[in-house]
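The next block is upload-v5.cif, given as mmCIF, C-alpha atoms.
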```
data_run
loop_
_atom_site.label_atom_id
_atom_site.label_comp_id
_atom_site.auth_asym_id
_atom_site.auth_seq_id
_atom_site.Cartn_x
_atom_site.Cartn_y
_atom_site.Cartn_z
CA TYR G 688 21.75 10.40 -24.64
CA ILE G 689 19.06 8.41 -22.81
CA ASN G 690 19.41 5.78 -20.11
CA ALA G 691 17.92 4.40 -16.89
CA TYR G 692 19.01 2.87 -13.61
CA THR G 693 17.53 1.28 -10.52
CA SER G 694 18.55 1.83 -6.90
CA ARG G 695 17.07 0.22 -3.81
CA GLU G 696 14.39 2.90 -3.51
CA VAL G 697 13.90 4.44 -6.96
CA THR G 698 14.02 3.78 -10.69
CA ALA G 699 15.25 6.71 -12.80
CA TYR G 700 14.85 7.40 -16.50
CA TYR G 701 16.90 10.30 -17.81
CA ALA G 702 17.95 12.05 -20.98
CA ARG G 703 20.61 14.62 -21.86
CA VAL G 704 19.75 16.65 -24.95
CA LEU G 705 20.20 20.02 -26.65
CA GLU G 706 17.92 22.84 -25.54
CA THR G 707 15.82 22.60 -28.71
CA ASP G 708 15.14 18.91 -28.06
CA VAL G 709 13.85 19.18 -24.47
CA PRO G 710 10.17 18.68 -25.47
CA LEU G 711 11.13 15.62 -27.50
CA ALA G 712 13.13 14.16 -24.59
CA VAL G 713 10.24 14.57 -22.15
CA ASP G 714 7.86 13.07 -24.72
CA VAL G 715 10.11 10.04 -25.27
CA ILE G 716 10.47 9.40 -21.54
CA ALA G 717 6.70 9.74 -21.08
CA ASP G 718 6.15 7.26 -23.90
CA ILE G 719 8.53 4.78 -22.28
CA LEU G 720 6.70 5.05 -18.96
CA LEU G 721 3.12 5.14 -20.19
CA ASN G 722 3.12 3.09 -23.39
CA PRO G 723 5.73 0.34 -23.09
CA ILE G 724 5.42 -2.26 -25.83
CA LEU G 725 7.07 -4.98 -23.73
CA ASP G 726 7.93 -6.98 -26.82
CA ARG G 727 8.50 -10.59 -25.81
CA ASN G 728 11.64 -10.93 -27.92
CA GLU G 729 13.14 -7.78 -26.42
CA ILE G 730 12.27 -9.02 -22.94
CA GLU G 731 14.22 -12.21 -23.60
CA VAL G 732 17.22 -10.26 -24.86
CA GLU G 733 17.21 -8.00 -21.80
CA ARG G 734 16.68 -11.00 -19.53
CA GLY G 735 19.88 -12.47 -20.91
CA VAL G 736 21.71 -9.18 -20.32
CA ILE G 737 20.55 -9.03 -16.68
CA LEU G 738 21.50 -12.67 -16.07
CA GLN G 739 24.97 -11.92 -17.41
CA GLU G 740 25.14 -8.85 -15.16
CA ILE G 741 24.23 -11.02 -12.16
CA GLY G 742 26.98 -13.46 -13.13
CA GLN G 743 29.47 -10.63 -13.47
CA ALA G 744 28.53 -9.27 -10.02
CA LEU G 745 28.98 -12.71 -8.45
CA ASP G 746 32.45 -12.86 -10.01
CA THR G 747 33.36 -9.41 -8.63
CA PRO G 748 34.17 -9.77 -4.92
CA ASP G 749 34.08 -6.07 -4.11
CA ASP G 750 30.59 -5.89 -5.64
CA VAL G 751 28.92 -8.99 -4.27
CA ILE G 752 30.21 -8.51 -0.73
CA PHE G 753 28.08 -5.35 -0.40
CA ASP G 754 24.98 -7.26 -1.48
CA TRP G 755 25.68 -9.87 1.20
CA LEU G 756 26.32 -7.14 3.76
CA GLN G 757 23.00 -5.48 2.90
CA GLU G 758 21.15 -8.79 3.17
CA LYS G 759 22.65 -9.42 6.60
CA ALA G 760 21.89 -5.88 7.79
CA TYR G 761 18.24 -6.11 6.74
CA PRO G 762 17.42 -9.83 6.63
CA GLY G 763 14.03 -10.86 5.26
CA GLN G 764 13.18 -7.26 4.30
CA PRO G 765 12.80 -5.53 0.91
CA LEU G 766 15.76 -3.25 1.68
CA GLY G 767 17.96 -6.31 2.17
CA ARG G 768 17.33 -7.65 -1.32
CA THR G 769 19.81 -7.15 -4.12
CA ILE G 770 18.95 -4.65 -6.86
CA LEU G 771 19.57 -7.20 -9.62
CA GLY G 772 17.68 -9.95 -7.79
CA PRO G 773 18.36 -13.69 -7.83
CA SER G 774 18.80 -15.30 -11.24
CA GLU G 775 15.91 -17.71 -10.66
CA ARG G 776 13.49 -14.80 -10.21
CA VAL G 777 14.82 -12.95 -13.25
CA SER G 778 14.48 -16.14 -15.27
CA ALA G 779 10.84 -16.52 -14.22
CA PHE G 780 9.47 -13.03 -15.04
CA ASP G 781 7.07 -12.84 -17.96
CA ARG G 782 5.42 -10.01 -19.86
CA GLU G 783 2.35 -10.08 -17.62
CA ASP G 784 4.49 -9.63 -14.49
CA LEU G 785 6.16 -6.55 -15.96
CA SER G 786 2.86 -5.10 -17.15
CA ARG G 787 1.32 -5.62 -13.70
CA PHE G 788 4.29 -3.93 -12.02
CA ILE G 789 4.09 -0.89 -14.29
CA SER G 790 0.35 -0.59 -13.77
CA GLN G 791 0.75 -0.77 -9.99
CA TYR G 792 3.73 1.53 -9.44
CA TYR G 793 3.97 3.94 -12.39
CA ARG G 794 1.41 6.38 -11.00
CA PRO G 795 1.51 10.18 -10.66
CA ASP G 796 1.93 10.10 -6.87
CA GLN G 797 4.96 7.87 -7.44
CA LEU G 798 6.60 10.02 -10.14
CA ILE G 799 8.92 13.02 -9.99
CA LEU G 800 9.81 14.99 -13.14
CA SER G 801 13.02 16.99 -12.73
CA ALA G 802 14.99 19.08 -15.21
CA ALA G 803 18.07 21.31 -15.05
CA GLY G 804 20.29 23.24 -17.44
CA ALA G 805 18.91 24.91 -20.56
CA VAL G 806 15.25 24.41 -19.61
CA ASP G 807 12.27 26.69 -19.04
CA HIS G 808 10.28 25.85 -15.91
CA ASP G 809 6.92 26.90 -17.37
CA VAL G 810 7.51 24.83 -20.49
CA ILE G 811 8.38 21.75 -18.39
CA VAL G 812 5.20 22.21 -16.32
CA LYS G 813 3.05 22.45 -19.46
CA LEU G 814 4.69 19.33 -20.89
CA ALA G 815 4.05 17.48 -17.62
CA GLU G 816 0.39 18.50 -17.63
CA LYS G 817 0.00 17.43 -21.26
CA LEU G 818 1.79 14.10 -20.99
CA PHE G 819 1.03 12.98 -17.42
CA GLY G 820 -2.08 14.96 -16.47
CA HIS G 821 -4.49 12.13 -17.29
CA MET G 822 -2.87 9.62 -14.93
CA GLN G 823 -4.83 8.26 -11.98
CA PRO G 824 -3.28 8.06 -8.48
CA SER G 825 -2.40 4.73 -6.95
CA LEU G 826 -3.89 3.09 -3.89
CA LEU G 827 -0.54 1.90 -2.57
CA SER G 828 -0.06 1.59 1.16
CA SER G 829 3.13 2.98 2.69
CA ALA G 830 6.17 0.73 2.73
CA ASP G 831 7.09 -1.13 5.90
CA LYS G 832 9.81 0.48 7.99
CA ALA G 833 13.24 -1.10 7.59
CA TYR G 834 15.00 -2.48 10.67
CA PHE G 835 18.76 -2.93 10.82
CA LEU G 836 19.30 -6.28 12.53
CA GLY G 837 22.87 -7.20 11.59
CA GLY G 838 24.90 -10.37 11.95
CA GLU G 839 27.60 -12.18 10.01
CA VAL G 840 27.99 -13.73 6.56
CA ARG G 841 31.15 -15.58 5.53
CA HIS G 842 31.92 -17.11 2.13
CA SER G 843 35.23 -18.92 1.95
CA LYS G 844 36.75 -19.14 -1.53
CA LYS G 845 40.19 -19.36 -3.06
CA LEU G 846 40.86 -15.77 -4.14
CA GLU G 847 43.89 -13.53 -4.21
CA GLN G 848 42.49 -11.35 -1.41
CA ALA G 849 40.27 -11.62 1.63
CA HIS G 850 37.48 -9.06 1.36
CA PHE G 851 36.22 -7.43 4.55
CA ALA G 852 33.10 -5.26 4.92
CA LEU G 853 31.62 -3.87 8.10
CA ALA G 854 28.37 -1.93 8.48
CA PHE G 855 26.70 -0.02 11.30
CA GLU G 856 23.18 1.33 11.53
CA SER G 857 23.09 5.02 10.62
CA PRO G 858 20.50 7.78 10.22
CA GLY G 859 18.01 8.02 7.38
CA TYR G 860 17.68 11.10 5.17
CA LYS G 861 15.39 13.02 7.50
CA HIS G 862 17.21 12.32 10.76
CA ASP G 863 18.85 15.26 12.52
CA ASP G 864 22.19 13.39 12.52
CA ILE G 865 22.37 12.77 8.77
CA TYR G 866 25.13 15.32 8.17
CA THR G 867 26.94 14.27 11.33
CA ALA G 868 27.01 10.68 10.02
CA GLN G 869 28.38 11.77 6.65
CA ILE G 870 31.09 13.93 8.21
CA TYR G 871 32.04 11.06 10.53
CA ALA G 872 32.37 8.64 7.60
CA SER G 873 34.49 11.15 5.67
CA MET G 874 36.77 11.66 8.67
CA LEU G 875 37.03 7.92 9.31
CA GLY G 876 37.67 6.70 5.78
CA GLY G 877 36.81 9.33 3.19
CA GLY G 878 40.16 9.79 1.52
CA MET G 879 43.93 9.61 1.84
CA SER G 880 43.97 11.87 4.89
CA SER G 881 41.35 9.80 6.75
CA ARG G 882 42.12 7.81 9.87
CA LEU G 883 41.66 4.35 8.35
CA PHE G 884 43.75 5.13 5.28
CA GLN G 885 46.57 6.64 7.32
CA GLU G 886 46.68 3.96 10.00
CA ILE G 887 45.95 0.79 8.02
CA ARG G 888 47.50 1.54 4.65
CA GLU G 889 50.14 4.22 5.18
CA LYS G 890 51.49 3.14 8.57
CA LYS G 891 50.93 -0.61 8.53
CA GLY G 892 50.66 -1.44 4.82
CA LEU G 893 47.82 -3.91 5.36
CA CYS G 894 45.88 -3.04 2.21
CA TYR G 895 45.99 -1.03 -1.00
CA SER G 896 42.66 0.69 -0.43
CA ILE G 897 40.30 1.14 2.51
CA PHE G 898 37.31 3.45 2.75
CA ALA G 899 34.26 4.33 4.82
CA GLN G 900 31.02 5.81 3.54
CA SER G 901 27.61 6.73 4.89
CA GLY G 902 24.55 5.81 2.83
CA ALA G 903 21.01 6.86 3.68
CA TYR G 904 17.49 5.69 2.82
CA SER G 905 14.08 7.11 3.65
CA ASP G 906 13.97 5.60 7.15
CA THR G 907 17.40 4.11 7.89
CA GLY G 908 21.01 4.15 6.78
CA MET G 909 24.36 2.35 6.86
CA THR G 910 27.89 3.47 7.64
CA THR G 911 30.12 1.02 5.79
CA VAL G 912 33.83 0.18 5.91
CA TYR G 913 35.48 -1.93 3.19
CA ALA G 914 38.99 -3.20 2.46
CA GLY G 915 40.71 -6.11 0.76
CA THR G 916 43.90 -7.72 2.05
CA SER G 917 45.86 -10.98 2.13
CA ALA G 918 44.66 -14.06 3.98
CA GLU G 919 47.48 -13.65 6.49
CA GLN G 920 46.63 -10.03 7.29
CA VAL G 921 42.84 -10.04 7.37
CA SER G 922 42.76 -10.61 11.12
CA ASP G 923 45.00 -7.60 11.79
CA LEU G 924 43.04 -5.44 9.34
CA ALA G 925 39.70 -6.29 10.96
CA THR G 926 40.83 -5.77 14.54
CA ILE G 927 42.72 -2.54 13.81
CA THR G 928 39.65 -1.21 11.99
CA VAL G 929 37.56 -1.76 15.12
CA ASP G 930 40.30 -0.20 17.23
CA GLU G 931 40.36 2.89 15.01
CA ILE G 932 36.58 3.19 15.22
CA LYS G 933 36.88 3.12 19.01
CA ARG G 934 39.80 5.55 19.02
CA ALA G 935 37.86 8.04 16.91
CA ALA G 936 35.27 8.23 19.66
CA ASP G 937 37.98 9.29 22.12
CA ASP G 938 40.29 11.67 20.34
CA LEU G 939 38.80 13.07 17.13
CA ASN G 940 39.43 16.79 16.92
CA GLU G 941 37.99 19.93 15.39
CA ALA G 942 40.65 20.05 12.65
CA GLU G 943 39.58 16.63 11.33
CA VAL G 944 35.92 17.60 11.41
CA ALA G 945 36.65 20.92 9.69
CA ARG G 946 38.53 19.07 6.94
CA ALA G 947 35.62 16.64 6.50
CA ARG G 948 33.14 19.53 6.32
CA VAL G 949 35.17 21.19 3.57
CA GLN G 950 35.46 17.90 1.68
CA MET G 951 31.70 17.36 1.90
CA LYS G 952 30.87 20.89 0.73
CA ALA G 953 33.37 20.65 -2.12
CA GLY G 954 31.77 17.44 -3.35
CA LEU G 955 28.31 18.99 -3.17
CA LEU G 956 29.18 22.28 -4.84
CA MET G 957 31.43 20.88 -7.58
CA GLY G 958 28.78 18.27 -8.37
CA LEU G 959 26.37 21.09 -9.18
CA GLU G 960 28.53 22.06 -12.15
CA SER G 961 26.87 19.18 -14.01
CA PRO G 962 23.24 19.75 -15.15
CA SER G 963 22.63 16.00 -14.90
CA ASN G 964 23.76 16.01 -11.27
CA ARG G 965 21.59 19.04 -10.55
CA ALA G 966 18.52 17.40 -12.06
CA GLU G 967 19.11 14.22 -10.04
CA ARG G 968 19.66 16.24 -6.86
CA LEU G 969 16.40 18.16 -7.39
CA ALA G 970 14.47 14.91 -7.78
CA ARG G 971 16.09 13.42 -4.69
CA LEU G 972 15.26 16.48 -2.59
CA ILE G 973 11.63 16.41 -3.69
CA GLN G 974 11.53 12.70 -2.86
CA ILE G 975 12.91 13.31 0.64
CA TRP G 976 11.54 16.71 1.66
CA ASP G 977 8.77 17.40 -0.85
CA ARG G 978 10.58 20.68 -1.49
CA VAL G 979 13.97 21.92 -2.72
CA PRO G 980 15.88 23.49 0.19
CA GLU G 981 18.09 26.41 -0.68
CA LEU G 982 21.72 25.48 -1.18
CA SER G 983 22.63 27.85 1.65
CA GLU G 984 20.39 25.83 3.98
CA THR G 985 22.25 22.61 3.16
CA VAL G 986 25.67 24.26 3.51
CA GLY G 987 24.54 25.79 6.78
CA ARG G 988 23.55 22.39 8.15
CA ILE G 989 26.95 20.98 7.20
CA ASP G 990 28.75 23.90 8.82
CA SER G 991 26.67 23.53 11.99
CA VAL G 992 28.15 20.09 12.73
CA LYS G 993 30.83 20.45 15.41
CA ALA G 994 33.47 18.09 16.77
CA ALA G 995 31.35 17.43 19.87
CA ASP G 996 28.44 16.26 17.68
CA VAL G 997 30.68 13.92 15.71
CA ARG G 998 32.27 12.59 18.90
CA ILE G 999 28.84 11.67 20.32
CA TYR G 1000 27.96 9.95 17.06
CA ALA G 1001 31.34 8.17 16.97
CA GLU G 1002 30.74 6.85 20.49
CA LYS G 1003 27.45 5.36 19.34
CA ILE G 1004 29.08 3.66 16.34
CA ALA G 1005 31.92 2.37 18.52
CA SER G 1006 29.72 0.90 21.23
CA SER G 1007 26.02 0.42 20.59
CA SER G 1008 24.97 0.69 16.93
CA PRO G 1009 23.86 -2.65 15.45
CA MET G 1010 26.62 -4.13 13.29
CA ALA G 1011 26.85 -6.39 10.24
CA LEU G 1012 29.95 -8.20 8.97
CA ALA G 1013 30.65 -9.75 5.55
CA LEU G 1014 33.79 -11.69 4.63
CA TYR G 1015 34.71 -13.29 1.30
CA GLY G 1016 37.75 -15.15 0.04
CA PRO G 1017 40.54 -16.86 2.04
CA ILE G 1018 39.05 -15.87 5.40
CA ASP G 1019 39.95 -18.78 7.73
CA GLN G 1020 42.06 -16.43 9.88
CA ALA G 1021 39.46 -13.65 9.97
CA PRO G 1022 37.85 -12.89 13.35
CA THR G 1023 34.23 -13.77 13.88
CA PHE G 1024 31.38 -11.34 14.40
CA ASP G 1025 31.32 -12.18 18.11
CA GLN G 1026 35.05 -11.57 18.44
CA LEU G 1027 34.75 -8.14 16.85
CA GLN G 1028 31.79 -7.33 19.08
CA GLU G 1029 33.85 -8.28 22.11
CA ARG G 1030 36.64 -6.00 20.90
CA ARG G 1031 34.14 -3.15 20.53
CA ALA G 1032 33.01 -3.70 24.12
CA ALA G 1033 36.51 -4.03 25.60
#
```

Here is a file; write its structure as structure tokens.
Amino acid sequence: YINAYTSREVTAYYARVLETDVPLAVDVIADILLNPILDRNEIEVERGVILQEIGQALDTPDDVIFDWLQEKAYPGQPLGRTILGPSERVSAFDREDLSRFISQYYRPDQLILSAAGAVDHDVIVKLAEKLFGHMQPSLLSSADKAYFLGGEVRHSKKLEQAHFALAFESPGYKHDDIYTAQIYASMLGGGMSSRLFQEIREKKGLCYSIFAQSGAYSDTGMTTVYAGTSAEQVSDLATITVDEIKRAADDLNEAEVARARVQMKAGLLMGLESPSNRAERLARLIQIWDRVPELSETVGRIDSVKAADVRIYAEKIASSSPMALALYGPIDQAPTFDQLQERRAA
């Protein structure tokens, strides 16, 4: 099995093979990276696939609303751009553009080779030296720092549901509060026992699903809340969401935080049962820290987060963190960005 994906900060190529085929898998990935044919006919086929994917995303409200939210959070910045890109740009790429991109960015100081499972470290190192050792480093300057600015985007359309997404500036990977932010998001909307799920779905029946999550990048992050509801109930959903965010800053307790810590550790530890997840985690840690912290170090940092830490962070989210709002669908009755800001300040 071989595949690839792109996120906002990395492109990953990966393979899952039998132990005897590890050298072949590394060789194939190296060949893809270093010797791409870039056949013009294949480019046109893949261009058509990507254009269809863009069309599918635009027809999927709970996909496209996050792209709009990201654009509003980081307007005019690389981090605010969609991963797929606009169709007019995809339609305009040619073979020379792709070749230039590969030549500029596919350099040894930009690459991480990670492996997990039935692999031998020394063998992987020798393969890396053989296949990538001749590469020359790039002369790339460091990327500009991202700045969360926020604001509001509204797209009115006749849909079955009004889609509501809210984002707040959060810590990047290396910030001391990264685990505090993740525990806060879990407590706020990380499952059926979370505050938003209990208050907005279970008690008031305003939506089928509502969740909060904390995402991080190299120098910034976003805590995001999303839900879909009817046109008549979107106003209540939005205002109660803000009220719950404010209430969490006042009365969250150690039991909630303890539950969120356990949930976070369970996700981390159970994810390590998959070699693919372990390989991806190793690469991500090297990208962030330039080392692989011991698992006990990560668990220790999660366990060190106390209710007082989360309460301080919750107060910041409730009152002063920059905010972005995205709404899509039958949203005439939805509150404006300014109205929600006033409710935060009340």

Can you spell out as an mmCIF file with C-alpha atoms, in the frame of the given file the set of residues that the PyMOL selection byres ((chain G and resi 855-866) around 6) selects in the structure I just provided?
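Just written: out.cif:
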```cif
data_model
loop_
_atom_site.group_PDB
_atom_site.id
_atom_site.type_symbol
_atom_site.label_atom_id
_atom_site.label_comp_id
_atom_site.auth_asym_id
_atom_site.auth_seq_id
_atom_site.Cartn_x
_atom_site.Cartn_y
_atom_site.Cartn_z
ATOM 1 C CA ALA G 854 28.370 -1.930 8.480
ATOM 2 C CA THR G 867 26.940 14.270 11.330
ATOM 3 C CA ALA G 868 27.010 10.680 10.020
ATOM 4 C CA GLN G 869 28.380 11.770 6.650
ATOM 5 C CA ALA G 903 21.010 6.860 3.680
ATOM 6 C CA TYR G 904 17.490 5.690 2.820
ATOM 7 C CA SER G 905 14.080 7.110 3.650
ATOM 8 C CA ASP G 906 13.970 5.600 7.150
ATOM 9 C CA THR G 907 17.400 4.110 7.890
ATOM 10 C CA GLY G 908 21.010 4.150 6.780
ATOM 11 C CA MET G 909 24.360 2.350 6.860
ATOM 12 C CA THR G 910 27.890 3.470 7.640
ATOM 13 C CA SER G 1008 24.970 0.690 16.930
ATOM 14 C CA PRO G 1009 23.860 -2.650 15.450
ATOM 15 C CA MET G 1010 26.620 -4.130 13.290
#
```

### Distance criterion (only C-alpha atoms): nearest to Ala833 of chain G out of G:Val944, G:Val704, G:Ile737, G:Leu766
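For Ala833 of chain G, the nearest of the given residues is G:Leu766.
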
### Message
I'd like the interatomic distance between atom CA of Leu771 of chain G and atom CA of Thr911 of chain G, to a tenth of an Å.
### Response
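Interatomic distance here is 20.4 Å.
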
### Query
So which one's closest to Leu785 of chain G, G:Tyr834, G:Ala802, G:Gly767, G:Arg727? Using only C-alpha atoms, please.
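Ranked by minimum distance to Leu785 of chain G, first place goes to G:Arg727.
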
#### Entry: Counting only C-alpha atoms, the option among G:Leu972, G:Ala945, G:Ile1018, G:Met951 closest to Ala995 of chain G
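For Ala995 of chain G, the nearest of the candidates is G:Ala945.
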
### Task
Just give me the gap between atom CA of Glu696 of chain G and atom CA of Ser901 of chain G in Å, one decimal is fine.
16.1 Å

### Message
Quick one: residues within 6 Å of segment 793-800 of chain G, only C-alpha atoms, excluding same-chain residues fewer than 2 positions away - as a list of chain:residue names?
### Response
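Near segment 793-800 of chain G, the qualifying residues are G:Ile789, G:Ser790, G:Pro824, G:Ser825.
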
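You will find atom CA of Glu919 of chain G at 14.6 Å from atom CA of Ile887 of chain G.
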
### Query
So which residues touch Lys993 of chain G within 10 Å, counting all atoms listed in the file, skipping near sequence neighbours fewer than 2 positions away, as a PyMOL selection string?
chain G and resi 867+870+940-941+944-945+948+989-991+995-998
